[in-house]
Amino acid sequence: MDELQSIPHSKAPGGFAYRGNLMALTYLTNGLMRDDRAFHISQLDWITKYNQQVTFEATARQAWHANGLETIKEQAQKRLKEKGWNDVRPALSVTVRAWIMRSMLERHLRDKPEVGIQFLKQAIDLLEWGRNVWKNVKKTDRGTIFEDTFLRGVRSMHLEMFMDVYTTDPGLNSKFPLEHLKEEAEDLLKDIEIALKNPSKEEVDPGSVSSFCIYPGGIAYSMIGFYHAQTARYSSDILACFSFVNGAKAYVQAAQAFPQDEEYHALYLSCAMDCMRNAGVSIRDFNKVAIDLREAVPKMTKIWAVSALQQGGRDEKIQANLRSADDLMKLVAEGKLTLEDPVPL
């Protein structure tokens with residue numbers, strides 16, 4: 001974005017023409033979908049520069065980022081007939097990527113995930129529509145945004161933001177139903193399973209496989225864990241117990257999708273222990289997860305000593321669960337409890 005320059009031009013609107021890099025939105029959104037924790041603003045004028053960059057790219061590509069979804073679908077097909085893919089492909093790319101960026105800004109800067117999720121929903125709708133309408137068009141024509149990996153990345157982001165918006169209106173009558181979160185997560189897992197069984201012949205870096213296949217699966221399992229943990233709050237004792245058991249299983253599966261030095265690995269193991277305590281599982285099973293968590297923590301802190309999750313209380317929750325496991329094992333050693341006894345609430 002620093003490359004964007006205004007140049008005096010007598011025939012340009014406002015007396016200035018602009019010159020810059022037309023790939024900024026591509027770089028920003030690719031990075032976000034790899035790992036949105038990389039999103040960090042260190043310049044006071046970043047928002048101003050970003051808005052100028054979006055305007056520059058949208059104007060140059062004649063994008064539709066301010067138009068309604070149905071209008072975009074209609075006009076994209078019309079322009080394709082008139083001007084071809086070299087015109088429509090970059091226009092659609094800027095449109096979708098501007099929505100993705102807007103969603104992240106609403107979520108992280110304005111703390112309005114309920115607004116941000118609407119932009120991701122639009123992006124997914126347009127991508128799925130385009131993949132269907134142009135399913136027989138080759139990648140080099142229709143563009144990267146219609147590839148499986150790109151859609152999977154956006155869907156993963158949508159899942160996380162859906163969880164955020166649920167917490168703004170929790171409960172059985174939430175405007176953001178838990179059942180919808182679970183269904184979306186399960187659909188994403190099915191898509192990933194198909195992708196893993198039929199790997200692309202195109203050469204990709206290992207990080208791409210992790211970012212667009214393995215890690216989205218972990219996110220999906222964590223959403224299923226969240227679904228069960230939240231459902232348990234509104235269930236009778238017996239049903240709540242089953243929900244917590246299912247939640248613990250899903251969180252363990254989520255943790256296993258990430259390497260030991262990744263903070264999500266430790267976080268999801270800790271979430272699993274929260275569910276296990278409420279489910280009344282055996283001390284033996286509870287301690288098994290604690291052993292894995294205790295092994296992961298020092299590896300995690302070498303990389304993730306400071307992060308948004310850490311600042312949000314990650315380490316306090318982890319240490320509380322590890323202390324609980326230590327206390328229970330002391331009672332087992334003293335003969336006051338056995339490994340087969342349920343974890344007391």
# chains A, B, ... in the order shown; residues from 1 in each chain; ligands from 1
$ residues_around --residues "A:Leu267" --least-positions-apart "6" --cutoff "8 Å" --atoms "only C-alpha atoms" --output "PyMOL selection string"
chain A and resi 255+314+318
$ residues_around --residues "stretch 63-68 of chain A" --least-positions-apart "3" --cutoff "8 Å" --atoms "only C-alpha atoms" --output "MDAnalysis selection string"
chainID A and resid 57:60 71:72 90:92 94:96 98:99
$ write_last_selection --atoms "all heavy atoms" --output "compact mmCIF listing (two decimals), in the first residue's frame"
# COMPACT_ATOMS: atom_id res chain seq x y z
N GLU A 57 -7.85 -0.04 -6.25
CA GLU A 57 -8.01 -1.34 -6.92
C GLU A 57 -9.42 -1.52 -7.47
O GLU A 57 -9.62 -2.04 -8.57
CB GLU A 57 -7.67 -2.48 -5.96
CG GLU A 57 -6.19 -2.56 -5.60
CD GLU A 57 -5.81 -3.88 -4.95
OE1 GLU A 57 -6.36 -4.93 -5.34
OE2 GLU A 57 -4.95 -3.86 -4.04
N ALA A 58 -10.43 -1.09 -6.68
CA ALA A 58 -11.82 -1.23 -7.14
C ALA A 58 -12.08 -0.39 -8.38
O ALA A 58 -12.79 -0.82 -9.30
CB ALA A 58 -12.76 -0.82 -6.01
N THR A 59 -11.49 0.80 -8.43
CA THR A 59 -11.66 1.67 -9.59
C THR A 59 -10.94 1.10 -10.81
O THR A 59 -11.49 1.04 -11.91
CB THR A 59 -11.13 3.08 -9.29
OG1 THR A 59 -11.82 3.62 -8.15
CG2 THR A 59 -11.33 4.01 -10.48
N ALA A 60 -9.70 0.65 -10.59
CA ALA A 60 -8.91 0.11 -11.70
C ALA A 60 -9.54 -1.15 -12.27
O ALA A 60 -9.52 -1.38 -13.49
CB ALA A 60 -7.48 -0.17 -11.22
N THR A 71 -27.20 -8.09 -7.94
CA THR A 71 -26.76 -7.17 -9.00
C THR A 71 -25.40 -7.59 -9.54
O THR A 71 -25.15 -7.58 -10.75
CB THR A 71 -26.68 -5.73 -8.46
OG1 THR A 71 -27.98 -5.33 -8.02
CG2 THR A 71 -26.19 -4.77 -9.54
N ILE A 72 -24.52 -7.99 -8.62
CA ILE A 72 -23.18 -8.42 -9.01
C ILE A 72 -23.26 -9.66 -9.90
O ILE A 72 -22.59 -9.75 -10.93
CB ILE A 72 -22.31 -8.71 -7.77
CG1 ILE A 72 -22.06 -7.42 -7.00
CG2 ILE A 72 -20.99 -9.37 -8.16
CD1 ILE A 72 -21.41 -7.64 -5.65
N PRO A 90 -10.36 -10.20 -12.47
CA PRO A 90 -9.83 -9.32 -11.43
C PRO A 90 -10.92 -8.52 -10.71
O PRO A 90 -10.78 -8.19 -9.53
CB PRO A 90 -8.86 -8.41 -12.18
CG PRO A 90 -9.27 -8.46 -13.60
CD PRO A 90 -9.83 -9.83 -13.80
N ALA A 91 -12.01 -8.21 -11.42
CA ALA A 91 -13.10 -7.46 -10.79
C ALA A 91 -13.75 -8.30 -9.69
O ALA A 91 -14.03 -7.81 -8.59
CB ALA A 91 -14.13 -7.07 -11.84
N LEU A 92 -14.00 -9.56 -9.98
CA LEU A 92 -14.59 -10.45 -8.97
C LEU A 92 -13.62 -10.68 -7.81
O LEU A 92 -14.02 -10.73 -6.65
CB LEU A 92 -14.96 -11.79 -9.61
CG LEU A 92 -16.18 -11.79 -10.53
CD1 LEU A 92 -16.30 -13.11 -11.27
CD2 LEU A 92 -17.45 -11.52 -9.72
N VAL A 94 -11.27 -8.64 -6.62
CA VAL A 94 -11.25 -7.45 -5.76
C VAL A 94 -12.54 -7.37 -4.94
O VAL A 94 -12.51 -7.05 -3.75
CB VAL A 94 -11.05 -6.16 -6.59
CG1 VAL A 94 -11.28 -4.92 -5.73
CG2 VAL A 94 -9.65 -6.14 -7.18
N THR A 95 -13.66 -7.69 -5.57
CA THR A 95 -14.95 -7.66 -4.88
C THR A 95 -14.94 -8.57 -3.66
O THR A 95 -15.25 -8.16 -2.54
CB THR A 95 -16.08 -8.08 -5.84
OG1 THR A 95 -16.14 -7.17 -6.93
CG2 THR A 95 -17.42 -8.11 -5.12
N VAL A 96 -14.58 -9.83 -3.87
CA VAL A 96 -14.59 -10.82 -2.79
C VAL A 96 -13.55 -10.49 -1.73
O VAL A 96 -13.81 -10.55 -0.52
CB VAL A 96 -14.36 -12.23 -3.36
CG1 VAL A 96 -14.11 -13.24 -2.23
CG2 VAL A 96 -15.55 -12.67 -4.19
N ALA A 98 -12.23 -7.61 -0.96
CA ALA A 98 -12.62 -6.41 -0.20
C ALA A 98 -13.63 -6.78 0.88
O ALA A 98 -13.58 -6.25 2.00
CB ALA A 98 -13.20 -5.35 -1.13
N TRP A 99 -14.53 -7.70 0.59
CA TRP A 99 -15.49 -8.16 1.59
C TRP A 99 -14.78 -8.90 2.73
O TRP A 99 -15.13 -8.73 3.89
CB TRP A 99 -16.52 -9.10 0.95
CG TRP A 99 -17.53 -8.41 0.10
CD1 TRP A 99 -17.84 -7.07 0.09
CD2 TRP A 99 -18.38 -9.02 -0.88
NE1 TRP A 99 -18.82 -6.82 -0.83
CE2 TRP A 99 -19.18 -7.99 -1.44
CE3 TRP A 99 -18.54 -10.31 -1.34
CZ2 TRP A 99 -20.13 -8.25 -2.43
CZ3 TRP A 99 -19.47 -10.58 -2.33
CH2 TRP A 99 -20.26 -9.55 -2.86
$ residues_around --residues "A:Leu339" --least-positions-apart "2" --cutoff "10 Å" --atoms "only C-alpha atoms" --output "ChimeraX atom specification"
/A:282-287,328-329,331-333,335,337,341-343
$ closest_residue --among "A:Gly312, A:Tyr227, A:Leu239, A:Ala195" --to "A:Pro170" --atoms "only C-alpha atoms"
A:Tyr227
$ residues_around --residues "A:Met101" --least-positions-apart "4" --cutoff "12 Å" --atoms "only C-alpha atoms" --output "PDB file with N, CA and C atoms, in the first residue's frame"
ATOM      1  N   ALA A  24      -2.275  -5.637  -3.749  1.00  0.00           N
ATOM      2  CA  ALA A  24      -2.260  -5.476  -2.291  1.00  0.00           C
ATOM      3  C   ALA A  24      -3.369  -6.269  -1.609  1.00  0.00           C
ATOM      4  N   LEU A  25      -4.589  -6.180  -2.122  1.00  0.00           N
ATOM      5  CA  LEU A  25      -5.701  -6.922  -1.521  1.00  0.00           C
ATOM      6  C   LEU A  25      -5.464  -8.423  -1.590  1.00  0.00           C
ATOM      7  N   THR A  26      -4.864  -8.875  -2.682  1.00  0.00           N
ATOM      8  CA  THR A  26      -4.553 -10.301  -2.826  1.00  0.00           C
ATOM      9  C   THR A  26      -3.570 -10.739  -1.745  1.00  0.00           C
ATOM     10  N   TYR A  27      -2.509  -9.971  -1.554  1.00  0.00           N
ATOM     11  CA  TYR A  27      -1.514 -10.321  -0.543  1.00  0.00           C
ATOM     12  C   TYR A  27      -2.114 -10.298   0.862  1.00  0.00           C
ATOM     13  N   LEU A  28      -2.915  -9.274   1.154  1.00  0.00           N
ATOM     14  CA  LEU A  28      -3.512  -9.137   2.485  1.00  0.00           C
ATOM     15  C   LEU A  28      -4.453 -10.308   2.796  1.00  0.00           C
ATOM     16  N   THR A  29      -5.339 -10.606   1.867  1.00  0.00           N
ATOM     17  CA  THR A  29      -6.318 -11.666   2.131  1.00  0.00           C
ATOM     18  C   THR A  29      -5.689 -13.052   2.121  1.00  0.00           C
ATOM     19  N   ASN A  30      -4.692 -13.272   1.263  1.00  0.00           N
ATOM     20  CA  ASN A  30      -3.989 -14.558   1.290  1.00  0.00           C
ATOM     21  C   ASN A  30      -3.338 -14.774   2.645  1.00  0.00           C
ATOM     22  N   GLY A  31      -2.734 -13.725   3.179  1.00  0.00           N
ATOM     23  CA  GLY A  31      -2.111 -13.825   4.491  1.00  0.00           C
ATOM     24  C   GLY A  31      -3.121 -14.073   5.593  1.00  0.00           C
ATOM     25  N   LEU A  32      -4.262 -13.391   5.521  1.00  0.00           N
ATOM     26  CA  LEU A  32      -5.307 -13.567   6.527  1.00  0.00           C
ATOM     27  C   LEU A  32      -5.834 -14.989   6.542  1.00  0.00           C
ATOM     28  N   MET A  33      -6.022 -15.558   5.358  1.00  0.00           N
ATOM     29  CA  MET A  33      -6.556 -16.914   5.300  1.00  0.00           C
ATOM     30  C   MET A  33      -5.524 -17.953   5.722  1.00  0.00           C
ATOM     31  N   ASP A  36      -5.041 -15.574  10.492  1.00  0.00           N
ATOM     32  CA  ASP A  36      -5.467 -14.198  10.750  1.00  0.00           C
ATOM     33  C   ASP A  36      -4.795 -13.581  11.979  1.00  0.00           C
ATOM     34  N   PHE A  39      -2.509 -10.632  11.377  1.00  0.00           N
ATOM     35  CA  PHE A  39      -3.069  -9.305  11.120  1.00  0.00           C
ATOM     36  C   PHE A  39      -2.721  -8.370  12.264  1.00  0.00           C
ATOM     37  N   ILE A  47      -5.449   2.690   8.243  1.00  0.00           N
ATOM     38  CA  ILE A  47      -6.825   2.634   7.750  1.00  0.00           C
ATOM     39  C   ILE A  47      -7.014   3.582   6.569  1.00  0.00           C
ATOM     40  N   TYR A  50      -5.320   2.054   3.669  1.00  0.00           N
ATOM     41  CA  TYR A  50      -6.060   0.892   3.204  1.00  0.00           C
ATOM     42  C   TYR A  50      -7.282   1.325   2.392  1.00  0.00           C
ATOM     43  N   ASN A  51      -8.033   2.283   2.893  1.00  0.00           N
ATOM     44  CA  ASN A  51      -9.213   2.759   2.164  1.00  0.00           C
ATOM     45  C   ASN A  51      -8.833   3.312   0.797  1.00  0.00           C
ATOM     46  N   GLN A  53      -6.251   2.349  -0.934  1.00  0.00           N
ATOM     47  CA  GLN A  53      -5.842   1.197  -1.736  1.00  0.00           C
ATOM     48  C   GLN A  53      -7.057   0.469  -2.305  1.00  0.00           C
ATOM     49  N   VAL A  54      -8.087   0.269  -1.478  1.00  0.00           N
ATOM     50  CA  VAL A  54      -9.302  -0.401  -1.943  1.00  0.00           C
ATOM     51  C   VAL A  54      -9.963   0.405  -3.047  1.00  0.00           C
ATOM     52  N   HIS A  65     -17.633  -3.970  -5.084  1.00  0.00           N
ATOM     53  CA  HIS A  65     -17.654  -4.176  -3.637  1.00  0.00           C
ATOM     54  C   HIS A  65     -18.761  -3.396  -2.927  1.00  0.00           C
ATOM     55  N   VAL A  94     -11.267  -8.636  -6.623  1.00  0.00           N
ATOM     56  CA  VAL A  94     -11.245  -7.452  -5.759  1.00  0.00           C
ATOM     57  C   VAL A  94     -12.536  -7.374  -4.940  1.00  0.00           C
ATOM     58  N   THR A  95     -13.659  -7.689  -5.572  1.00  0.00           N
ATOM     59  CA  THR A  95     -14.949  -7.658  -4.876  1.00  0.00           C
ATOM     60  C   THR A  95     -14.942  -8.575  -3.661  1.00  0.00           C
ATOM     61  N   VAL A  96     -14.576  -9.829  -3.867  1.00  0.00           N
ATOM     62  CA  VAL A  96     -14.589 -10.816  -2.788  1.00  0.00           C
ATOM     63  C   VAL A  96     -13.545 -10.488  -1.725  1.00  0.00           C
ATOM     64  N   ARG A  97     -12.370 -10.115  -2.151  1.00  0.00           N
ATOM     65  CA  ARG A  97     -11.293  -9.847  -1.203  1.00  0.00           C
ATOM     66  C   ARG A  97     -11.574  -8.594  -0.376  1.00  0.00           C
ATOM     67  N   LEU A 105     -11.908  -6.299   9.549  1.00  0.00           N
ATOM     68  CA  LEU A 105     -11.842  -4.990  10.191  1.00  0.00           C
ATOM     69  C   LEU A 105     -13.016  -4.806  11.159  1.00  0.00           C
ATOM     70  N   GLU A 106     -14.190  -5.255  10.748  1.00  0.00           N
ATOM     71  CA  GLU A 106     -15.361  -5.159  11.637  1.00  0.00           C
ATOM     72  C   GLU A 106     -15.175  -6.014  12.881  1.00  0.00           C
ATOM     73  N   ARG A 107     -14.589  -7.188  12.695  1.00  0.00           N
ATOM     74  CA  ARG A 107     -14.415  -8.106  13.825  1.00  0.00           C
ATOM     75  C   ARG A 107     -13.321  -7.644  14.772  1.00  0.00           C
ATOM     76  N   HIS A 108     -12.164  -7.307  14.239  1.00  0.00           N
ATOM     77  CA  HIS A 108     -11.005  -7.049  15.085  1.00  0.00           C
ATOM     78  C   HIS A 108     -10.857  -5.592  15.521  1.00  0.00           C
ATOM     79  N   LEU A 109     -11.222  -4.651  14.667  1.00  0.00           N
ATOM     80  CA  LEU A 109     -11.020  -3.242  15.000  1.00  0.00           C
ATOM     81  C   LEU A 109     -12.258  -2.596  15.606  1.00  0.00           C
ATOM     82  N   GLY A 116     -19.405  -7.973  10.514  1.00  0.00           N
ATOM     83  CA  GLY A 116     -18.381  -8.648   9.726  1.00  0.00           C
ATOM     84  C   GLY A 116     -18.862  -9.931   9.099  1.00  0.00           C
ATOM     85  N   ILE A 117     -19.686 -10.683   9.813  1.00  0.00           N
ATOM     86  CA  ILE A 117     -20.109 -11.990   9.296  1.00  0.00           C
ATOM     87  C   ILE A 117     -20.982 -11.847   8.059  1.00  0.00           C
ATOM     88  N   PHE A 119     -20.451  -9.842   5.596  1.00  0.00           N
ATOM     89  CA  PHE A 119     -19.563  -9.733   4.442  1.00  0.00           C
ATOM     90  C   PHE A 119     -18.982 -11.097   4.065  1.00  0.00           C
ATOM     91  N   LEU A 120     -18.679 -11.925   5.065  1.00  0.00           N
ATOM     92  CA  LEU A 120     -18.195 -13.278   4.767  1.00  0.00           C
ATOM     93  C   LEU A 120     -19.305 -14.122   4.150  1.00  0.00           C
ATOM     94  N   ALA A 123     -19.522 -13.222   0.597  1.00  0.00           N
ATOM     95  CA  ALA A 123     -18.390 -13.786  -0.146  1.00  0.00           C
ATOM     96  C   ALA A 123     -18.628 -15.260  -0.453  1.00  0.00           C
ATOM     97  N   VAL A 154     -12.261 -19.248   3.417  1.00  0.00           N
ATOM     98  CA  VAL A 154     -13.317 -18.297   3.779  1.00  0.00           C
ATOM     99  C   VAL A 154     -14.340 -18.965   4.703  1.00  0.00           C
ATOM    100  N   MET A 157     -12.999 -19.077   8.217  1.00  0.00           N
ATOM    101  CA  MET A 157     -13.109 -17.764   8.846  1.00  0.00           C
ATOM    102  C   MET A 157     -14.552 -17.491   9.271  1.00  0.00           C
TER     103      MET A 157
END
$ closest_residue --among "A:Ala308, A:Lys83, A:Val289, A:Cys213" --to "A:His40" --atoms "only C-alpha atoms"
A:Ala308
$ closest_atom_pairs --of "stretch 81-186 of chain A" --to "stretch 241-250 of chain A" --cutoff "12 Å" --atoms "only C-alpha atoms" --output "JSON lines"
{"residue": "A:Lys182", "atom": "CA", "partner": "A:Ala250", "partner_atom": "CA", "distance": 11.3}
{"residue": "A:Ala185", "atom": "CA", "partner": "A:Ala250", "partner_atom": "CA", "distance": 11.2}
{"residue": "A:Glu186", "atom": "CA", "partner": "A:Ala250", "partner_atom": "CA", "distance": 11.3}
$ write_last_selection --atoms "all heavy atoms" --output "PDB file, in the first residue's frame"
ATOM      1  N   LYS A 182     -22.915 -26.015  13.990  1.00  0.00           N
ATOM      2  CA  LYS A 182     -22.545 -27.432  13.927  1.00  0.00           C
ATOM      3  C   LYS A 182     -22.663 -27.971  12.507  1.00  0.00           C
ATOM      4  O   LYS A 182     -21.770 -28.684  12.016  1.00  0.00           O
ATOM      5  CB  LYS A 182     -23.438 -28.239  14.873  1.00  0.00           C
ATOM      6  CG  LYS A 182     -23.206 -29.754  14.851  1.00  0.00           C
ATOM      7  CD  LYS A 182     -24.016 -30.406  15.951  1.00  0.00           C
ATOM      8  CE  LYS A 182     -23.970 -31.928  15.867  1.00  0.00           C
ATOM      9  NZ  LYS A 182     -24.901 -32.428  14.807  1.00  0.00           N
ATOM     10  N   ALA A 185     -19.857 -26.689  10.342  1.00  0.00           N
ATOM     11  CA  ALA A 185     -18.594 -27.341  10.705  1.00  0.00           C
ATOM     12  C   ALA A 185     -18.532 -28.755  10.125  1.00  0.00           C
ATOM     13  O   ALA A 185     -17.497 -29.179   9.595  1.00  0.00           O
ATOM     14  CB  ALA A 185     -18.438 -27.378  12.220  1.00  0.00           C
ATOM     15  N   GLU A 186     -19.626 -29.483  10.226  1.00  0.00           N
ATOM     16  CA  GLU A 186     -19.663 -30.850   9.689  1.00  0.00           C
ATOM     17  C   GLU A 186     -19.532 -30.859   8.169  1.00  0.00           C
ATOM     18  O   GLU A 186     -18.866 -31.729   7.597  1.00  0.00           O
ATOM     19  CB  GLU A 186     -20.963 -31.535  10.118  1.00  0.00           C
ATOM     20  CG  GLU A 186     -21.000 -31.851  11.609  1.00  0.00           C
ATOM     21  CD  GLU A 186     -22.340 -32.395  12.076  1.00  0.00           C
ATOM     22  OE1 GLU A 186     -23.348 -32.178  11.372  1.00  0.00           O
ATOM     23  OE2 GLU A 186     -22.382 -33.010  13.154  1.00  0.00           O
TER      24      GLU A 186
END
$ residues_around --residues "A:Leu181" --least-positions-apart "4" --cutoff "12 Å" --atoms "only C-alpha atoms" --output "NGL selection string"
:A and (155-156 or 158-166 or 174-177 or 185-188 or 219-228 or 230-231)
$ write_last_selection --atoms "N, CA and C atoms" --output "compact mmCIF listing (two decimals), in the first residue's frame"
# COMPACT_ATOMS: atom_id res chain seq x y z
N ARG A 155 -14.67 -20.20 4.43
CA ARG A 155 -15.64 -20.92 5.28
C ARG A 155 -15.10 -21.11 6.70
N SER A 156 -13.80 -21.35 6.80
CA SER A 156 -13.19 -21.50 8.12
C SER A 156 -13.27 -20.18 8.89
N HIS A 158 -15.49 -17.90 8.43
CA HIS A 158 -16.90 -17.70 8.74
C HIS A 158 -17.31 -18.47 9.99
N LEU A 159 -16.81 -19.69 10.14
CA LEU A 159 -17.12 -20.48 11.33
C LEU A 159 -16.68 -19.77 12.60
N GLU A 160 -15.45 -19.29 12.60
CA GLU A 160 -14.93 -18.63 13.79
C GLU A 160 -15.72 -17.36 14.12
N MET A 161 -16.10 -16.62 13.08
CA MET A 161 -16.87 -15.40 13.33
C MET A 161 -18.29 -15.72 13.76
N PHE A 162 -18.83 -16.84 13.27
CA PHE A 162 -20.17 -17.24 13.70
C PHE A 162 -20.16 -17.55 15.20
N MET A 163 -19.11 -18.18 15.67
CA MET A 163 -18.99 -18.44 17.10
C MET A 163 -18.95 -17.12 17.87
N ASP A 164 -18.22 -16.15 17.34
CA ASP A 164 -18.14 -14.84 17.98
C ASP A 164 -19.52 -14.19 18.08
N VAL A 165 -20.28 -14.23 16.98
CA VAL A 165 -21.57 -13.55 17.00
C VAL A 165 -22.57 -14.30 17.88
N TYR A 166 -22.41 -15.61 18.00
CA TYR A 166 -23.30 -16.35 18.92
C TYR A 166 -23.13 -15.83 20.34
N SER A 174 -31.19 -17.86 20.11
CA SER A 174 -30.20 -16.95 19.52
C SER A 174 -30.50 -16.68 18.05
N LYS A 175 -30.20 -15.46 17.62
CA LYS A 175 -30.33 -15.13 16.19
C LYS A 175 -29.29 -15.90 15.38
N PHE A 176 -28.32 -16.47 16.08
CA PHE A 176 -27.23 -17.22 15.42
C PHE A 176 -27.24 -18.64 16.00
N PRO A 177 -28.12 -19.51 15.49
CA PRO A 177 -28.36 -20.82 16.09
C PRO A 177 -27.12 -21.72 16.15
N ALA A 185 -19.86 -26.69 10.34
CA ALA A 185 -18.59 -27.34 10.71
C ALA A 185 -18.53 -28.76 10.12
N GLU A 186 -19.63 -29.48 10.23
CA GLU A 186 -19.66 -30.85 9.69
C GLU A 186 -19.53 -30.86 8.17
N ASP A 187 -20.15 -29.88 7.51
CA ASP A 187 -20.02 -29.78 6.05
C ASP A 187 -18.57 -29.51 5.65
N LEU A 188 -17.91 -28.65 6.41
CA LEU A 188 -16.51 -28.34 6.11
C LEU A 188 -15.64 -29.57 6.30
N ILE A 219 -10.25 -26.28 13.20
CA ILE A 219 -11.22 -25.24 13.55
C ILE A 219 -12.64 -25.80 13.56
N ALA A 220 -12.96 -26.61 12.55
CA ALA A 220 -14.29 -27.20 12.46
C ALA A 220 -14.59 -28.09 13.67
N TYR A 221 -13.61 -28.92 14.06
CA TYR A 221 -13.82 -29.76 15.25
C TYR A 221 -13.99 -28.91 16.51
N SER A 222 -13.26 -27.81 16.60
CA SER A 222 -13.40 -26.95 17.78
C SER A 222 -14.78 -26.33 17.84
N MET A 223 -15.37 -26.03 16.67
CA MET A 223 -16.73 -25.48 16.64
C MET A 223 -17.75 -26.52 17.09
N ILE A 224 -17.51 -27.77 16.73
CA ILE A 224 -18.39 -28.85 17.18
C ILE A 224 -18.25 -29.02 18.69
N GLY A 225 -17.02 -28.89 19.19
CA GLY A 225 -16.82 -28.93 20.63
C GLY A 225 -17.54 -27.80 21.32
N PHE A 226 -17.45 -26.60 20.75
CA PHE A 226 -18.15 -25.44 21.31
C PHE A 226 -19.65 -25.67 21.30
N TYR A 227 -20.16 -26.22 20.20
CA TYR A 227 -21.60 -26.52 20.09
C TYR A 227 -22.06 -27.42 21.25
N HIS A 228 -21.33 -28.50 21.48
CA HIS A 228 -21.73 -29.44 22.54
C HIS A 228 -21.60 -28.81 23.93
N GLN A 230 -21.86 -25.67 24.71
CA GLN A 230 -22.93 -24.68 24.90
C GLN A 230 -24.29 -25.37 25.03
N THR A 231 -24.52 -26.41 24.24
CA THR A 231 -25.79 -27.14 24.31
C THR A 231 -26.00 -27.73 25.70
$ select_by_dssp --residues "stretch 214-300 of chain A" --states "alpha helix (DSSP H)" --output "PyMOL selection string"
chain A and resi 215-232+237-256+263-279+283-300
$ closest_residue --among "A:Trp46, A:Val133, A:Asp205, A:Glu263" --to "A:Ile303" --atoms "only C-alpha atoms"
A:Glu263
$ select_by_dssp --residues "stretch 15-140 of chain A" --states "strand (DSSP E or B)" --output "ChimeraX atom specification"
/A:16-19
$ closest_residue --among "A:Arg152, A:Lys330, A:Lys302, A:Arg323" --to "A:Ser211" --atoms "only C-alpha atoms"
A:Arg152
$ atom_distance --atom1 "atom CA of A:Gln52" --atom2 "atom CA of A:Gln122"
22.5 Å
$ atom_distance --atom1 "atom CA of A:Ala232" --atom2 "atom CA of A:Cys275"
9.5 Å
$ atom_distance --atom1 "atom CA of A:Lys121" --atom2 "atom CA of A:Gly207"
25.8 Å
$ residues_around --residues "A:Leu293" --least-positions-apart "6" --cutoff "10 Å" --atoms "only C-alpha atoms" --output "mmCIF file with C-alpha atoms, in the first residue's frame"
data_model
loop_
_atom_site.group_PDB
_atom_site.id
_atom_site.type_symbol
_atom_site.label_atom_id
_atom_site.label_comp_id
_atom_site.auth_asym_id
_atom_site.auth_seq_id
_atom_site.Cartn_x
_atom_site.Cartn_y
_atom_site.Cartn_z
ATOM 1 C CA ALA A 255 -6.117 -30.241 19.189
ATOM 2 C CA GLN A 260 2.349 -29.289 19.792
ATOM 3 C CA HIS A 265 -3.224 -27.389 20.343
ATOM 4 C CA ALA A 266 -2.874 -26.480 24.011
ATOM 5 C CA LEU A 267 -6.016 -24.343 24.074
ATOM 6 C CA TYR A 268 -8.246 -27.080 22.713
ATOM 7 C CA LEU A 269 -6.797 -29.665 25.102
ATOM 8 C CA SER A 270 -7.675 -27.283 27.920
ATOM 9 C CA MET A 273 -10.540 -30.838 30.083
ATOM 10 C CA ASN A 287 -5.055 -36.964 33.603
ATOM 11 C CA ILE A 318 -4.599 -23.862 31.094
ATOM 12 C CA GLN A 319 -2.837 -23.626 34.443
ATOM 13 C CA ASN A 321 -6.788 -27.288 34.554
ATOM 14 C CA LEU A 322 -3.242 -28.527 35.160
#
$ closest_residue --among "A:Glu183, A:Asp111, A:Asp45, A:Asp141" --to "A:Val88" --atoms "only C-alpha atoms"
A:Asp141
